[in-house]
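A.B. asks: Here it is: the structure, laid out below.
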Amino acid sequence: MPDPAAPITASRRTAAPARRTVLLLGASAAVGGVLGGCGPVRLGQPAPYTPPPEGIDDLYRADLLAALTDIETATGTIRAPHPEAAMLLGELAIAVVEQRAALLTGAETEASESASDGGGATASSGTATSSGTASPTGDAGATGSASDGGGSPAAAPSDAPGLLQALGDLVVLCAEACVQCSGSFARVVAAIGAHLTWSAARLAPVLADPAATAPAPPAEDAIAPTRRIPASDPPSVAAKTDYEAMLQQAQGDEWYAGYVQEVRAARTVDETARAAALDAVTTHRDRAERLRGIAEADGIAAVAEEPVYALPGGGLDQAALDAEPLAIAQGLAVDWVALTGAVPFERRAFAVATALAEAHGLAALGGVLPALPSLDPQGD
């Protein structure tokens, strides 16, 4: 077929004027048909940009940022009954700022810094995610959350019971996010959830309100996928080398914790304290045994239990031995937060539930937990 765009020669001009007219009209009609199918596209203009749908990390991140903003607002409006409560509320407010910063994308961080310099608004959500292996829970049912059309986050709490309930709700949201999001993001979220669990347990006794009780962190069997994962941006899992190292670290520390509690139980004459120590022995050894089974199933070398472990002070200093459970709880909280981001999806509920349980127990022991345990604030 002759090209309607080619230069018209003399022979063509005289030989087939009718055919040339038909071809030109046909070409015009074809171009018009193509453009008509493109909607608002016009010659000389690029097609309008349509951003891809948000991934599951983005959906959870938007809700987490909104909830953390409400917590930050509440810490500044709730009346502290005494200086200790005011100090703890202030510490929570500082931690929440750090946690929100950890959730921002690089572009949002730059926008936030520019807004701070220029007096503009601060960004609170974005669209950066990881991508990779699809989650096995990718077809979980959607829930009525702010990010998927179910409503907006609750208003900031205005009293002590409301703050503690909001903290408990946010911890549950963190746990739910951990079982569906990318590994690197799950580690950040698990760190936030662990710190908020610890903060709520510390705040409850000092708020001088009988109704102010800290909700217990969710158990493993209560943590399950709740949202539909967009197929366009599936979450990813961590590298196996990270998984192996973090599982072995947690398993070794659980074996050691069980040994320490067994020694404490053998040396304790108080029946109540002895029973508590024996319960702790069972808890730590059950976790270590379960990690052994997971390691064997996933092709990872398990860490064997040692018959004897070196104890602080050579095992002769009772005060050092009694202080060891606090150090153990701090270490295990970090171990399990890190492991949450490394394990496959089907292991996440176990890991994050254990991290939250250790953070809750650490508060009772009087231990300290950073705003983002297991993470360098300037790094991950």
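So you can find residues: chains in the structure tokens are A, B, ... in the order shown, residues in each start at 1, and ligands are numbered from 1 in order.
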Could you pull the residues within 8 Å of Leu203 (chain A), counting only C-alpha atoms, minus those fewer than 3 positions along the same chain, as number ranges by chain?

C.D. replies: A: 85, 88-89, 199-200, 206-207, 214

A.B. asks: With only C-alpha atoms as the counted atoms, please give the residues lying no more than 9 Å from region 253-259 of chain A, apart from itself and same-chain residues fewer than 5 positions off, as a PyMOL selection string.

C.D. replies: chain A and resi 248+264+278+280-289+303-309+324-325+328-329+331-332+335

A.B. asks: For Ala216 (chain A), find every residue with an atom within 10 Å (counting only C-alpha atoms), except residues of its own chain fewer than 6 positions away, and show them as an mmCIF file with all heavy atoms, in the first residue's frame.

C.D. replies:
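For reference, selection.cif as written:
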data_model
loop_
_atom_site.group_PDB
_atom_site.id
_atom_site.type_symbol
_atom_site.label_atom_id
_atom_site.label_comp_id
_atom_site.auth_asym_id
_atom_site.auth_seq_id
_atom_site.Cartn_x
_atom_site.Cartn_y
_atom_site.Cartn_z
ATOM 1 N N GLY A 168 -2.869 0.204 72.941
ATOM 2 C CA GLY A 168 -3.159 -1.217 72.730
ATOM 3 C C GLY A 168 -3.652 -1.495 71.320
ATOM 4 O O GLY A 168 -3.246 -2.482 70.685
ATOM 5 N N VAL A 171 -0.735 -1.340 68.939
ATOM 6 C CA VAL A 171 0.103 -2.543 69.028
ATOM 7 C C VAL A 171 -0.514 -3.678 68.211
ATOM 8 O O VAL A 171 0.184 -4.410 67.497
ATOM 9 C CB VAL A 171 0.294 -2.959 70.502
ATOM 10 C CG1 VAL A 171 0.906 -4.360 70.598
ATOM 11 C CG2 VAL A 171 1.182 -1.957 71.229
ATOM 12 N N VAL A 172 -1.834 -3.827 68.298
ATOM 13 C CA VAL A 172 -2.516 -4.849 67.498
ATOM 14 C C VAL A 172 -2.329 -4.569 66.005
ATOM 15 O O VAL A 172 -2.067 -5.485 65.211
ATOM 16 C CB VAL A 172 -4.015 -4.913 67.857
ATOM 17 C CG1 VAL A 172 -4.775 -5.802 66.880
ATOM 18 C CG2 VAL A 172 -4.199 -5.419 69.283
ATOM 19 N N THR A 197 4.225 -1.337 73.486
ATOM 20 C CA THR A 197 3.790 -2.292 74.510
ATOM 21 C C THR A 197 4.477 -2.000 75.829
ATOM 22 O O THR A 197 3.843 -1.967 76.898
ATOM 23 C CB THR A 197 4.119 -3.725 74.052
ATOM 24 O OG1 THR A 197 3.410 -4.013 72.848
ATOM 25 C CG2 THR A 197 3.738 -4.741 75.112
ATOM 26 N N ALA A 200 3.156 1.384 77.333
ATOM 27 C CA ALA A 200 1.826 1.281 77.943
ATOM 28 C C ALA A 200 1.897 0.604 79.306
ATOM 29 O O ALA A 200 1.228 1.024 80.260
ATOM 30 C CB ALA A 200 0.892 0.510 77.010
ATOM 31 N N ALA A 201 2.709 -0.442 79.408
ATOM 32 C CA ALA A 201 2.841 -1.149 80.688
ATOM 33 C C ALA A 201 3.499 -0.270 81.748
ATOM 34 O O ALA A 201 3.192 -0.393 82.943
ATOM 35 C CB ALA A 201 3.648 -2.427 80.488
ATOM 36 N N LEU A 356 6.569 -8.920 71.507
ATOM 37 C CA LEU A 356 5.663 -8.096 72.323
ATOM 38 C C LEU A 356 5.597 -8.612 73.750
ATOM 39 O O LEU A 356 5.549 -7.821 74.710
ATOM 40 C CB LEU A 356 4.272 -8.088 71.684
ATOM 41 C CG LEU A 356 4.179 -7.504 70.266
ATOM 42 C CD1 LEU A 356 2.744 -7.597 69.745
ATOM 43 C CD2 LEU A 356 4.664 -6.053 70.230
ATOM 44 N N ALA A 357 5.593 -9.928 73.928
ATOM 45 C CA ALA A 357 5.553 -10.500 75.276
ATOM 46 C C ALA A 357 6.812 -10.136 76.064
ATOM 47 O O ALA A 357 6.743 -9.813 77.262
ATOM 48 C CB ALA A 357 5.394 -12.017 75.193
ATOM 49 N N HIS A 360 6.593 -6.486 77.109
ATOM 50 C CA HIS A 360 5.647 -6.322 78.211
ATOM 51 C C HIS A 360 6.274 -6.755 79.533
ATOM 52 O O HIS A 360 6.154 -6.073 80.558
ATOM 53 C CB HIS A 360 4.392 -7.144 77.916
ATOM 54 C CG HIS A 360 3.258 -6.877 78.855
ATOM 55 N ND1 HIS A 360 3.027 -7.642 79.981
ATOM 56 C CD2 HIS A 360 2.291 -5.928 78.845
ATOM 57 C CE1 HIS A 360 1.966 -7.178 80.608
ATOM 58 N NE2 HIS A 360 1.505 -6.134 79.946
#

A.B. asks: Enumerate, as number ranges by chain, the complete set of residues in region 141-304 of chain A that a backbone-based DSSP assignment places in alpha helix (DSSP H).

C.D. replies: A: 160-178, 183-203, 240-267, 271-297

A.B. asks: Just the residues within 9 Å of Ala277 (chain A), please, counting only C-alpha atoms, with nothing from its chain fewer than 4 positions along; format it as a list in words.

C.D. replies: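 Near neighbours after the sequence-gap exclusion: Gln261, Glu262, Val263, Arg264, Ala265, Thr268, Thr272, Ala273, Val281 and Thr282 of chain A.
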
A.B. asks: Env of Ile223 (chain A): 8 Å cut, atoms = only C-alpha atoms, seq-sep filter 2 positions within chain, self excluded. Answer as a list in words.

C.D. replies: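 Using only C-alpha atoms, the neighbours found are Val172, Ala175, Glu176, Val179, Pro218, Ala219, Glu220, Asp221, Pro225, Ala349 and Ala353 of chain A.
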
A.B. asks: Point out the residue among A:Ala302, A:Ala177, A:Ala111, A:Ala80 with the least atom-to-atom distance to Thr226 (chain A), counting only C-alpha atoms.

C.D. replies: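 Under the stated criterion, the closest residue is A:Ala177.
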